[in-house]
>>> print(open('input.pdb').read())   # PDB, C-alpha atoms
ATOM      1  CA  MET A   1     -41.674  38.290  12.412
ATOM      2  CA  TRP A   2     -43.245  37.011   9.215
ATOM      3  CA  ARG A   3     -40.413  38.677   7.223
ATOM      4  CA  VAL A   4     -37.818  36.784   9.306
ATOM      5  CA  LYS A   5     -39.684  33.522   8.775
ATOM      6  CA  ALA A   6     -40.004  34.217   5.044
ATOM      7  CA  ARG A   7     -36.299  34.934   4.706
ATOM      8  CA  ALA A   8     -35.472  31.784   6.662
ATOM      9  CA  ALA A   9     -37.721  29.754   4.373
ATOM     10  CA  LEU A  10     -36.074  31.229   1.277
ATOM     11  CA  LEU A  11     -32.585  30.505   2.683
ATOM     12  CA  LEU A  12     -33.570  26.926   3.504
ATOM     13  CA  ALA A  13     -34.988  26.451   0.008
ATOM     14  CA  ALA A  14     -31.821  27.850  -1.540
ATOM     15  CA  LEU A  15     -29.591  25.588   0.525
ATOM     16  CA  SER A  16     -31.672  22.549  -0.341
ATOM     17  CA  THR A  17     -31.636  23.312  -4.083
ATOM     18  CA  PRO A  18     -28.710  21.671  -5.934
ATOM     19  CA  LEU A  19     -26.438  24.313  -7.391
ATOM     20  CA  ALA A  20     -25.041  23.893 -10.876
ATOM     21  CA  TRP A  21     -21.497  24.726  -9.768
ATOM     22  CA  ALA A  22     -21.698  22.241  -6.908
ATOM     23  CA  GLN A  23     -23.047  19.465  -9.105
ATOM     24  CA  GLU A  24     -20.665  19.763 -12.028
ATOM     25  CA  PRO A  25     -17.397  21.653 -12.504
ATOM     26  CA  ALA A  26     -16.940  23.865 -15.530
ATOM     27  CA  ALA A  27     -15.452  22.161 -18.569
ATOM     28  CA  PHE A  28     -11.675  22.295 -18.480
ATOM     29  CA  ASP A  29      -9.999  23.608 -21.636
ATOM     30  CA  PRO A  30     -13.008  22.721 -23.843
ATOM     31  CA  GLN A  31     -11.111  23.868 -26.950
ATOM     32  CA  ILE A  32      -8.711  20.913 -26.477
ATOM     33  CA  ARG A  33     -10.761  18.024 -27.806
ATOM     34  CA  ASN A  34      -9.896  14.360 -27.925
ATOM     35  CA  ASN A  35     -11.635  11.015 -28.070
ATOM     36  CA  THR A  36     -10.800   7.702 -26.447
ATOM     37  CA  LEU A  37     -11.457   4.021 -27.095
ATOM     38  CA  ALA A  38     -10.633   0.973 -24.992
ATOM     39  CA  VAL A  39     -11.302  -2.698 -25.736
ATOM     40  CA  ASN A  40     -11.256  -5.241 -22.917
ATOM     41  CA  PRO A  41      -8.741  -8.138 -22.982
ATOM     42  CA  ALA A  42     -11.483 -10.628 -23.909
ATOM     43  CA  GLU A  43     -12.367  -8.460 -26.940
ATOM     44  CA  THR A  44     -16.041  -8.562 -26.051
ATOM     45  CA  LEU A  45     -16.529  -5.003 -24.797
ATOM     46  CA  ALA A  46     -15.530  -1.566 -26.058
ATOM     47  CA  LEU A  47     -15.793   1.743 -24.228
ATOM     48  CA  ALA A  48     -15.794   5.021 -26.155
ATOM     49  CA  GLY A  49     -15.786   8.641 -25.114
ATOM     50  CA  ASN A  50     -15.329  12.173 -26.362
ATOM     51  CA  SER A  51     -14.157  15.053 -24.162
ATOM     52  CA  SER A  52     -17.019  17.241 -25.395
ATOM     53  CA  ARG A  53     -19.734  15.011 -23.904
ATOM     54  CA  GLY A  54     -20.384  13.841 -20.366
ATOM     55  CA  THR A  55     -21.110  10.175 -21.017
ATOM     56  CA  LEU A  56     -19.212   7.095 -22.130
ATOM     57  CA  LEU A  57     -20.677   4.550 -24.538
ATOM     58  CA  ALA A  58     -20.343   0.815 -23.922
ATOM     59  CA  TYR A  59     -20.556  -1.544 -26.917
ATOM     60  CA  ASP A  60     -21.041  -5.299 -27.162
ATOM     61  CA  LEU A  61     -18.418  -6.247 -29.762
ATOM     62  CA  ARG A  62     -19.840  -9.716 -30.392
ATOM     63  CA  ALA A  63     -23.389  -8.532 -31.002
ATOM     64  CA  GLY A  64     -22.170  -5.342 -32.658
ATOM     65  CA  LYS A  65     -24.464  -3.022 -30.771
ATOM     66  CA  LEU A  66     -24.600  -0.323 -28.126
ATOM     67  CA  LEU A  67     -25.123  -1.688 -24.610
ATOM     68  CA  ARG A  68     -25.529   1.430 -22.491
ATOM     69  CA  GLU A  69     -24.382   4.957 -21.687
ATOM     70  CA  LEU A  70     -22.421   5.695 -18.545
ATOM     71  CA  PRO A  71     -23.196   9.198 -17.185
ATOM     72  CA  GLY A  72     -21.487  11.449 -14.676
ATOM     73  CA  PHE A  73     -18.443  12.757 -16.568
ATOM     74  CA  VAL A  74     -17.591  16.292 -17.703
ATOM     75  CA  THR A  75     -14.562  16.010 -19.988
ATOM     76  CA  PRO A  76     -13.529  12.344 -20.065
ATOM     77  CA  ARG A  77     -10.066  12.089 -21.602
ATOM     78  CA  ASN A  78      -8.809   8.505 -21.540
ATOM     79  CA  ILE A  79      -9.976   4.974 -20.707
ATOM     80  CA  VAL A  80      -7.836   1.921 -19.919
ATOM     81  CA  PHE A  81      -8.848  -1.580 -18.842
ATOM     82  CA  ALA A  82      -7.124  -3.491 -16.058
ATOM     83  CA  PRO A  83      -5.262  -6.605 -17.312
ATOM     84  CA  ASP A  84      -8.051  -8.906 -16.076
ATOM     85  CA  GLY A  85     -10.747  -6.758 -17.708
ATOM     86  CA  GLU A  86     -12.825  -6.575 -14.534
ATOM     87  CA  ARG A  87     -12.216  -2.876 -14.002
ATOM     88  CA  PHE A  88     -11.416   0.169 -16.048
ATOM     89  CA  TYR A  89     -10.009   3.601 -15.267
ATOM     90  CA  VAL A  90     -11.224   6.933 -16.664
ATOM     91  CA  SER A  91      -9.468  10.302 -16.441
ATOM     92  CA  ASP A  92     -11.589  13.472 -16.388
ATOM     93  CA  SER A  93      -9.741  16.777 -16.812
ATOM     94  CA  SER A  94     -12.571  18.984 -15.484
ATOM     95  CA  LYS A  95     -13.238  16.880 -12.399
ATOM     96  CA  GLY A  96      -9.483  16.520 -11.961
ATOM     97  CA  VAL A  97      -9.726  12.838 -11.121
ATOM     98  CA  VAL A  98      -9.153   9.274 -12.187
ATOM     99  CA  GLU A  99     -12.158   7.045 -11.540
ATOM    100  CA  ARG A 100     -12.182   3.284 -11.066
ATOM    101  CA  TRP A 101     -15.203   1.468 -12.495
ATOM    102  CA  HIS A 102     -16.348  -2.143 -12.244
ATOM    103  CA  ALA A 103     -17.095  -3.497 -15.707
ATOM    104  CA  GLY A 104     -19.519  -6.204 -14.562
ATOM    105  CA  SER A 105     -21.840  -4.058 -12.467
ATOM    106  CA  TRP A 106     -21.212  -0.741 -14.277
ATOM    107  CA  THR A 107     -20.585   0.994 -10.973
ATOM    108  CA  ARG A 108     -18.111   3.717 -10.070
ATOM    109  CA  GLU A 109     -16.064   2.245  -7.244
ATOM    110  CA  ALA A 110     -13.659   5.043  -6.364
ATOM    111  CA  SER A 111     -12.314   8.434  -7.393
ATOM    112  CA  LEU A 112      -8.761   9.704  -6.893
ATOM    113  CA  ALA A 113      -7.836  13.406  -7.084
ATOM    114  CA  ILE A 114      -5.139  14.184  -9.647
ATOM    115  CA  GLY A 115      -5.861  17.863 -10.261
ATOM    116  CA  PRO A 116      -7.624  19.764 -13.067
ATOM    117  CA  GLY A 117      -6.079  18.808 -16.379
ATOM    118  CA  ALA A 118      -5.831  15.020 -15.852
ATOM    119  CA  PHE A 119      -5.483  13.748 -19.403
ATOM    120  CA  GLY A 120      -3.745  10.758 -21.002
ATOM    121  CA  THR A 121      -3.164   7.584 -18.987
ATOM    122  CA  ALA A 122      -1.057   4.443 -19.354
ATOM    123  CA  LEU A 123      -1.101   1.247 -17.314
ATOM    124  CA  SER A 124       1.895  -0.857 -16.360
ATOM    125  CA  ARG A 125       1.758  -4.384 -17.775
ATOM    126  CA  ASP A 126       1.151  -5.957 -14.344
ATOM    127  CA  GLY A 127      -1.639  -3.477 -13.616
ATOM    128  CA  SER A 128      -0.040  -2.125 -10.453
ATOM    129  CA  ARG A 129       0.621   1.423 -11.639
ATOM    130  CA  LEU A 130      -1.286   4.023 -13.599
ATOM    131  CA  TYR A 131       0.630   6.934 -15.110
ATOM    132  CA  VAL A 132      -1.446  10.088 -15.626
ATOM    133  CA  ASN A 133      -0.484  13.115 -17.723
ATOM    134  CA  ASN A 134      -1.658  16.467 -16.370
ATOM    135  CA  GLN A 135      -1.906  18.991 -19.192
ATOM    136  CA  ALA A 136      -2.540  21.991 -16.907
ATOM    137  CA  ALA A 137       0.134  21.348 -14.286
ATOM    138  CA  GLY A 138       2.759  20.064 -16.722
ATOM    139  CA  SER A 139       3.187  16.972 -14.598
ATOM    140  CA  LEU A 140       3.074  13.186 -14.565
ATOM    141  CA  THR A 141       1.256  11.544 -11.664
ATOM    142  CA  VAL A 142       2.176   8.000 -10.669
ATOM    143  CA  VAL A 143      -0.714   6.124  -9.053
ATOM    144  CA  ASN A 144      -0.254   3.000  -6.931
ATOM    145  CA  LEU A 145      -3.407   1.103  -7.897
ATOM    146  CA  PRO A 146      -3.465  -1.647  -5.206
ATOM    147  CA  GLN A 147      -3.226   1.052  -2.532
ATOM    148  CA  TRP A 148      -5.269   3.544  -4.580
ATOM    149  CA  LYS A 149      -3.022   6.483  -3.786
ATOM    150  CA  VAL A 150      -0.654   8.889  -5.528
ATOM    151  CA  GLU A 151       2.877   7.508  -5.318
ATOM    152  CA  LYS A 152       4.704  10.475  -6.838
ATOM    153  CA  VAL A 153       4.193  13.563  -9.001
ATOM    154  CA  LEU A 154       6.910  14.384 -11.539
ATOM    155  CA  THR A 155       7.093  17.943 -12.905
ATOM    156  CA  GLY A 156       8.841  19.703 -15.757
ATOM    157  CA  PHE A 157       6.617  18.635 -18.671
ATOM    158  CA  ALA A 158       4.982  20.994 -21.196
ATOM    159  CA  GLN A 159       1.309  20.323 -21.898
ATOM    160  CA  PRO A 160       1.399  16.511 -21.733
ATOM    161  CA  ARG A 161      -1.880  15.448 -23.273
ATOM    162  CA  GLN A 162      -3.097  12.137 -24.691
ATOM    163  CA  GLY A 163       0.232  10.649 -25.747
ATOM    164  CA  ILE A 164       1.751   8.412 -23.088
ATOM    165  CA  LYS A 165       3.035   4.828 -23.348
ATOM    166  CA  VAL A 166       4.953   2.359 -21.174
ATOM    167  CA  SER A 167       7.684   0.225 -22.745
ATOM    168  CA  PRO A 168       6.865  -3.506 -22.890
ATOM    169  CA  ASP A 169       9.470  -4.265 -20.215
ATOM    170  CA  GLY A 170       7.963  -1.607 -17.953
ATOM    171  CA  GLY A 171      11.241   0.245 -17.589
ATOM    172  CA  THR A 172      10.444   3.454 -19.483
ATOM    173  CA  VAL A 173       7.448   5.753 -19.669
ATOM    174  CA  PHE A 174       7.263   7.840 -22.854
ATOM    175  CA  VAL A 175       5.423  11.143 -22.332
ATOM    176  CA  THR A 176       4.550  13.511 -25.185
ATOM    177  CA  ASN A 177       4.838  17.257 -24.660
ATOM    178  CA  PHE A 178       2.539  19.106 -27.047
ATOM    179  CA  LEU A 179       4.223  22.407 -26.173
ATOM    180  CA  GLY A 180       7.771  22.152 -27.449
ATOM    181  CA  ASP A 181       7.069  19.067 -29.571
ATOM    182  CA  LYS A 182       9.183  16.584 -27.656
ATOM    183  CA  ILE A 183       8.965  13.192 -25.995
ATOM    184  CA  THR A 184      10.233  12.795 -22.433
ATOM    185  CA  LEU A 185      11.645   9.429 -21.371
ATOM    186  CA  VAL A 186      10.966   8.655 -17.707
ATOM    187  CA  ASP A 187      12.811   5.942 -15.775
ATOM    188  CA  ALA A 188       9.984   3.904 -14.219
ATOM    189  CA  ALA A 189      12.184   2.409 -11.490
ATOM    190  CA  LYS A 190      13.756   5.663 -10.304
ATOM    191  CA  LEU A 191      10.739   7.810 -11.274
ATOM    192  CA  GLU A 192      12.902  10.508 -12.788
ATOM    193  CA  THR A 193      13.434  11.989 -16.244
ATOM    194  CA  ARG A 194      16.068  10.159 -18.267
ATOM    195  CA  ALA A 195      16.162  12.009 -21.620
ATOM    196  CA  GLU A 196      14.195  14.014 -24.197
ATOM    197  CA  VAL A 197      13.698  13.623 -27.942
ATOM    198  CA  GLY A 198      12.675  16.530 -30.199
ATOM    199  CA  GLY A 199      12.098  17.136 -33.878
ATOM    200  CA  PHE A 200       8.304  16.783 -34.157
ATOM    201  CA  ASP A 201       5.547  19.010 -35.546
ATOM    202  CA  LYS A 202       2.328  19.149 -33.497
ATOM    203  CA  LEU A 203       3.132  15.873 -31.785
ATOM    204  CA  ARG A 204       0.123  13.664 -31.112
ATOM    205  CA  ALA A 205      -0.158   9.940 -30.331
ATOM    206  CA  ILE A 206       2.752   7.520 -30.016
ATOM    207  CA  SER A 207       3.351   3.753 -30.082
ATOM    208  CA  VAL A 208       6.249   1.675 -28.767
ATOM    209  CA  SER A 209       7.732  -1.384 -30.491
ATOM    210  CA  GLY A 210       7.760  -4.779 -28.817
ATOM    211  CA  ASP A 211      11.471  -4.580 -28.058
ATOM    212  CA  GLY A 212      11.170  -1.030 -26.719
ATOM    213  CA  ARG A 213      13.849   0.260 -29.093
ATOM    214  CA  SER A 214      11.519   2.249 -31.371
ATOM    215  CA  VAL A 215       8.816   4.845 -30.833
ATOM    216  CA  PHE A 216       6.456   5.913 -33.611
ATOM    217  CA  ALA A 217       4.851   9.355 -33.436
ATOM    218  CA  ALA A 218       2.148  11.257 -35.345
ATOM    219  CA  ASN A 219       2.909  14.802 -36.537
ATOM    220  CA  SER A 220      -0.397  16.501 -37.305
ATOM    221  CA  GLY A 221       1.407  19.680 -38.396
ATOM    222  CA  ALA A 222       3.493  17.964 -41.073
ATOM    223  CA  ASP A 223       1.163  15.113 -42.116
ATOM    224  CA  THR A 224       3.861  12.586 -41.273
ATOM    225  CA  LEU A 225       4.746   9.767 -38.920
ATOM    226  CA  SER A 226       8.187   9.745 -37.277
ATOM    227  CA  TRP A 227      10.349   6.774 -36.303
ATOM    228  CA  VAL A 228      12.391   7.396 -33.162
ATOM    229  CA  ASP A 229      15.411   5.229 -32.387
ATOM    230  CA  VAL A 230      15.293   5.057 -28.589
ATOM    231  CA  PRO A 231      18.961   4.148 -27.933
ATOM    232  CA  SER A 232      20.233   7.134 -29.954
ATOM    233  CA  ARG A 233      17.361   9.435 -28.884
ATOM    234  CA  ALA A 234      16.838  10.591 -32.465
ATOM    235  CA  VAL A 235      14.233  10.656 -35.243
ATOM    236  CA  ILE A 236      15.713   8.418 -37.933
ATOM    237  CA  LYS A 237      12.903   8.300 -40.520
ATOM    238  CA  THR A 238       9.672  10.047 -41.498
ATOM    239  CA  VAL A 239       6.900   8.983 -43.848
ATOM    240  CA  LYS A 240       4.133  11.033 -45.461
ATOM    241  CA  VAL A 241       0.575   9.958 -44.564
ATOM    242  CA  GLY A 242      -2.908  11.514 -44.746
ATOM    243  CA  GLN A 243      -4.076  14.936 -43.606
ATOM    244  CA  GLU A 244      -3.672  15.762 -39.900
ATOM    245  CA  PRO A 245      -2.593  12.390 -38.504
ATOM    246  CA  TYR A 246      -3.443  12.065 -34.817
ATOM    247  CA  GLY A 247      -2.847   8.336 -34.472
ATOM    248  CA  ALA A 248       0.335   6.301 -34.800
ATOM    249  CA  ALA A 249      -1.002   2.870 -33.892
ATOM    250  CA  LEU A 250       1.291  -0.153 -34.051
ATOM    251  CA  ARG A 251      -0.543  -3.443 -34.333
ATOM    252  CA  PRO A 252       0.506  -6.297 -31.993
ATOM    253  CA  ASP A 253       2.523  -8.301 -34.548
ATOM    254  CA  GLY A 254       4.663  -5.228 -35.273
ATOM    255  CA  ARG A 255       4.354  -5.572 -39.062
ATOM    256  CA  PHE A 256       2.265  -2.487 -39.786
ATOM    257  CA  LEU A 257       1.676   0.972 -38.376
ATOM    258  CA  TYR A 258      -1.565   2.910 -38.906
ATOM    259  CA  SER A 259      -2.110   6.666 -38.846
ATOM    260  CA  GLY A 260      -5.546   8.003 -37.934
ATOM    261  CA  ASN A 261      -5.980  10.913 -40.346
ATOM    262  CA  LEU A 262      -8.480  13.401 -38.938
ATOM    263  CA  LYS A 263      -8.942  15.558 -42.044
ATOM    264  CA  SER A 264      -8.706  12.932 -44.783
ATOM    265  CA  HIS A 265     -10.995  10.533 -42.848
ATOM    266  CA  SER A 266      -8.699   7.586 -43.416
ATOM    267  CA  LEU A 267      -6.029   5.279 -42.047
ATOM    268  CA  THR A 268      -2.686   5.197 -43.846
ATOM    269  CA  VAL A 269      -1.059   1.749 -43.715
ATOM    270  CA  VAL A 270       2.722   1.891 -43.155
ATOM    271  CA  ALA A 271       4.772  -1.284 -43.584
ATOM    272  CA  LEU A 272       7.625  -2.094 -41.206
ATOM    273  CA  PRO A 273      10.594  -2.224 -41.190
ATOM    274  CA  ALA A 274      10.546  -0.506 -44.603
ATOM    275  CA  PHE A 275       8.607   2.402 -43.042
ATOM    276  CA  LYS A 276       6.772   2.912 -46.297
ATOM    277  CA  ALA A 277       3.118   3.804 -46.917
ATOM    278  CA  VAL A 278       1.539   0.816 -48.673
ATOM    279  CA  GLY A 279      -2.169   1.588 -48.602
ATOM    280  CA  GLU A 280      -5.064   3.728 -47.436
ATOM    281  CA  ILE A 281      -8.226   2.544 -45.694
ATOM    282  CA  THR A 282     -11.129   4.939 -46.234
ATOM    283  CA  GLY A 283     -14.702   5.348 -45.043
ATOM    284  CA  PHE A 284     -14.097   6.766 -41.555
ATOM    285  CA  SER A 285     -15.341  10.015 -40.091
ATOM    286  CA  GLY A 286     -12.662  12.050 -38.338
ATOM    287  CA  PRO A 287     -10.496   9.222 -36.944
ATOM    288  CA  ARG A 288      -7.875  10.317 -34.412
ATOM    289  CA  GLN A 289      -5.693   8.344 -32.019
ATOM    290  CA  ALA A 290      -8.479   6.058 -30.769
ATOM    291  CA  ILE A 291      -7.484   2.817 -32.539
ATOM    292  CA  SER A 292      -7.437  -0.636 -30.911
ATOM    293  CA  PHE A 293      -6.376  -4.024 -32.274
ATOM    294  CA  SER A 294      -7.290  -7.652 -31.749
ATOM    295  CA  ARG A 295      -4.512  -9.753 -30.226
ATOM    296  CA  ASP A 296      -4.073 -11.704 -33.476
ATOM    297  CA  SER A 297      -3.605  -8.446 -35.455
ATOM    298  CA  GLY A 298      -6.411  -9.387 -37.803
ATOM    299  CA  LYS A 299      -8.868  -6.729 -36.753
ATOM    300  CA  ALA A 300      -8.908  -3.084 -35.696
ATOM    301  CA  TRP A 301     -11.554  -0.958 -34.036
ATOM    302  CA  VAL A 302     -11.452   2.716 -34.984
ATOM    303  CA  LEU A 303     -13.492   5.413 -33.277
ATOM    304  CA  ASN A 304     -15.362   7.858 -35.505
ATOM    305  CA  GLU A 305     -16.105  11.426 -34.431
ATOM    306  CA  ASP A 306     -19.751  10.571 -33.661
ATOM    307  CA  LEU A 307     -18.528   7.800 -31.276
ATOM    308  CA  GLY A 308     -19.531   5.053 -33.667
ATOM    309  CA  ILE A 309     -16.924   2.298 -34.005
ATOM    310  CA  ALA A 310     -15.680   1.098 -37.380
ATOM    311  CA  GLU A 311     -14.550  -2.543 -37.335
ATOM    312  CA  VAL A 312     -11.755  -3.106 -39.854
ATOM    313  CA  ASP A 313     -10.521  -6.309 -41.468
ATOM    314  CA  LEU A 314      -6.792  -5.556 -41.653
ATOM    315  CA  THR A 315      -6.079  -8.257 -44.245
ATOM    316  CA  ARG A 316      -8.713  -6.899 -46.607
ATOM    317  CA  LYS A 317      -7.954  -3.289 -45.596
ATOM    318  CA  ALA A 318     -11.653  -2.566 -45.384
ATOM    319  CA  ILE A 319     -14.371  -1.631 -42.911
ATOM    320  CA  VAL A 320     -16.612  -4.664 -42.413
ATOM    321  CA  ARG A 321     -19.192  -3.123 -40.079
ATOM    322  CA  VAL A 322     -19.917  -0.017 -38.052
ATOM    323  CA  LEU A 323     -21.289  -0.095 -34.520
ATOM    324  CA  ALA A 324     -23.783   2.752 -34.290
ATOM    325  CA  PRO A 325     -23.758   5.144 -31.308
ATOM    326  CA  ALA A 326     -27.527   4.838 -30.826
ATOM    327  CA  ALA A 327     -29.602   1.874 -29.704
ATOM    328  CA  GLY A 328     -31.755   0.202 -32.324
TER     329      GLY A 328
END
>>> encode(input="input.pdb", output="structure tokens")
Amino acid sequence: MWRVKARAALLLAALSTPLAWAQEPAAFDPQIRNNTLAVNPAETLALAGNSSRGTLLAYDLRAGKLLRELPGFVTPRNIVFAPDGERFYVSDSSKGVVERWHAGSWTREASLAIGPGAFGTALSRDGSRLYVNNQAAGSLTVVNLPQWKVEKVLTGFAQPRQGIKVSPDGGTVFVTNFLGDKITLVDAAKLETRAEVGGFDKLRAISVSGDGRSVFAANSGADTLSWVDVPSRAVIKTVKVGQEPYGAALRPDGRFLYSGNLKSHSLTVVALPAFKAVGEITGFSGPRQAISFSRDSGKAWVLNEDLGIAEVDLTRKAIVRVLAPAAG
């Protein structure tokens, strides 16, 4: 009898002990690394993450200091703020979800299953839809945010990762396919593929012009940025930049494009419409695609590989301060 009781006690203890696999899923594709940076519309708060760590960092941009760490992630891939700045959305490829957080209370409000591999995200201008790349399933998930449910899943993509943008008029979603080096154009009204554009080399981040007629893409395999003419579905120009460009960030006024050069630790400044490199901003540490701009185009925030944020004066083409990833 005592053996039966002992076994029962051991079973009860085992069941009451949190299991590692139950608490946290295994990291999904840990060899595919990316970082992410989002600045709220008021330009007072920045959120930063790296897929190799399970926390996000929140920074006070006015005070220039770290506010807090947000735990509970495994491989966070992308962060976007809602248009009013009250909430933000985080994709996690290992948990296979998109999470909705409240920025004022720092609480996780809801989680929506997308499937393992949830990666890059893009928000419609009115904040009603979230488009989510799924690198593992080769799909694009359309989320109805007011109803907090999946509206549709589009298939036929090839390793869509971080690169995804919505045209300013909301009519087209541009999805990068890392495998095959192409951009897929999705009709946002019909939710179906409209066309594809090829001719890239290790395609990374993209930006869309204000009129929606141009897409700019980073080619980390060729150390170039490409200019895509959307109406003709063709690459019309390329420009040489730094080593391994991951970013192709177009500032709000549309006058300059910036590449985040991972290996040369710099931003190359490309003037538009000449599409000519006109300068290099140095002093970063492994910048990628995580580049955000102030609305007046005077300032940029660039994420370093240690999750510190370099604040850049774009007129002076210089880093003016660095927000450290540790308190104090």
>>> closest_residue(input="input.pdb", among="A:Val39, A:Ala46, A:Ala205, A:Ala274", to="Gly247 of chain A", atoms="all atoms listed in the file")
A:Ala205
>>> residues_around(input="input.pdb", residues="Arg62 of chain A", least_positions_apart="5", cutoff="10 Å", atoms="only C-alpha atoms", output="MDAnalysis selection string")
chainID A and resid 43:45
>>> closest_residue(input="input.pdb", among="A:Gln243, A:Ser139, A:Thr238, A:Asn40", to="Val80 of chain A", atoms="all atoms listed in the file")
A:Asn40
>>> residues_around(input="input.pdb", residues="Tyr246 of chain A", least_positions_apart="3", cutoff="7 Å", atoms="all atoms listed in the file", output="VMD selection string")
chain A and resid 204 to 205 218 220 259 to 262 288 to 289
>>> resolve_selection(input="input.pdb", expression="the PyMOL selection byres ((chain A and resi 300) around 7)", output="PyMOL selection string")
chain A and resi 291-294+299+301-302+311-314
>>> resolve_selection(input="input.pdb", expression="the PyMOL selection byres ((chain A and resi 142-152) around 6)", output="ChimeraX atom specification")
/A:128-131,141,153
>>> write_last_selection(input="input.pdb", atoms="C-alpha atoms", output="CSV table (one decimal), in the coordinates of the input")
chain,number,residue,atom,x,y,z
A,128,SER,CA,0.0,-2.1,-10.5
A,129,ARG,CA,0.6,1.4,-11.6
A,130,LEU,CA,-1.3,4.0,-13.6
A,131,TYR,CA,0.6,6.9,-15.1
A,141,THR,CA,1.3,11.5,-11.7
A,153,VAL,CA,4.2,13.6,-9.0
>>> atom_distance(input="input.pdb", atom1="atom CA of Ala137 of chain A", atom2="atom CA of Arg77 of chain A")
15.6 Å
>>> closest_residue(input="input.pdb", among="A:Gly198, A:Gly163, A:Gly308, A:Gly283", to="Lys182 of chain A", atoms="all atoms listed in the file")
A:Gly198
>>> closest_atom_pairs(input="input.pdb", of="segment 146-256 of chain A", to="segment 265-270 of chain A", cutoff="8 Å", atoms="only C-alpha atoms", output="CSV")
residue,atom,partner,partner_atom,distance
A:Val241,CA,A:Thr268,CA,5.8
A:Gly242,CA,A:Thr268,CA,6.4
A:Phe256,CA,A:Val270,CA,5.5
>>> closest_residue(input="input.pdb", among="A:Ile79, A:Arg233, A:Pro245, A:Arg194", to="Asn219 of chain A", atoms="all atoms listed in the file")
A:Pro245
>>> resolve_selection(input="input.pdb", expression="the PyMOL selection byres ((chain A and resi 232) around 12)", output="list of chain:residue names")
A:Ala195, A:Glu196, A:Val197, A:Arg213, A:Ser214, A:Val215, A:Trp227, A:Val228, A:Asp229, A:Val230, A:Pro231, A:Arg233, A:Ala234, A:Val235, A:Ile236
>>> build_atoms(input="input.pdb", residues="segment 134-138 of chain A", atoms="all heavy atoms", output="PDB file, in the coordinates of the input")
ATOM      1  N   ASN A 134      -0.840  15.318 -16.758  1.00  0.00           N
ATOM      2  CA  ASN A 134      -1.658  16.467 -16.370  1.00  0.00           C
ATOM      3  C   ASN A 134      -1.279  17.642 -17.256  1.00  0.00           C
ATOM      4  O   ASN A 134      -0.203  18.227 -17.109  1.00  0.00           O
ATOM      5  CB  ASN A 134      -1.461  16.814 -14.892  1.00  0.00           C
ATOM      6  CG  ASN A 134      -2.469  17.852 -14.419  1.00  0.00           C
ATOM      7  OD1 ASN A 134      -2.556  18.941 -14.977  1.00  0.00           O
ATOM      8  ND2 ASN A 134      -3.236  17.522 -13.401  1.00  0.00           N
ATOM      9  N   GLN A 135      -2.174  17.962 -18.192  1.00  0.00           N
ATOM     10  CA  GLN A 135      -1.906  18.991 -19.192  1.00  0.00           C
ATOM     11  C   GLN A 135      -1.772  20.369 -18.555  1.00  0.00           C
ATOM     12  O   GLN A 135      -0.944  21.183 -18.983  1.00  0.00           O
ATOM     13  CB  GLN A 135      -3.025  18.983 -20.248  1.00  0.00           C
ATOM     14  CG  GLN A 135      -2.807  19.926 -21.409  1.00  0.00           C
ATOM     15  CD  GLN A 135      -3.462  21.267 -21.215  1.00  0.00           C
ATOM     16  OE1 GLN A 135      -4.377  21.409 -20.410  1.00  0.00           O
ATOM     17  NE2 GLN A 135      -3.012  22.275 -21.943  1.00  0.00           N
ATOM     18  N   ALA A 136      -2.547  20.663 -17.523  1.00  0.00           N
ATOM     19  CA  ALA A 136      -2.540  21.991 -16.907  1.00  0.00           C
ATOM     20  C   ALA A 136      -1.320  22.209 -16.030  1.00  0.00           C
ATOM     21  O   ALA A 136      -0.688  23.269 -16.075  1.00  0.00           O
ATOM     22  CB  ALA A 136      -3.806  22.186 -16.083  1.00  0.00           C
ATOM     23  N   ALA A 137      -0.964  21.211 -15.237  1.00  0.00           N
ATOM     24  CA  ALA A 137       0.134  21.348 -14.286  1.00  0.00           C
ATOM     25  C   ALA A 137       1.489  21.015 -14.897  1.00  0.00           C
ATOM     26  O   ALA A 137       2.522  21.239 -14.261  1.00  0.00           O
ATOM     27  CB  ALA A 137      -0.120  20.451 -13.079  1.00  0.00           C
ATOM     28  N   GLY A 138       1.495  20.468 -16.113  1.00  0.00           N
ATOM     29  CA  GLY A 138       2.759  20.064 -16.722  1.00  0.00           C
ATOM     30  C   GLY A 138       3.437  18.985 -15.908  1.00  0.00           C
ATOM     31  O   GLY A 138       4.654  19.023 -15.691  1.00  0.00           O
TER      32      GLY A 138
END
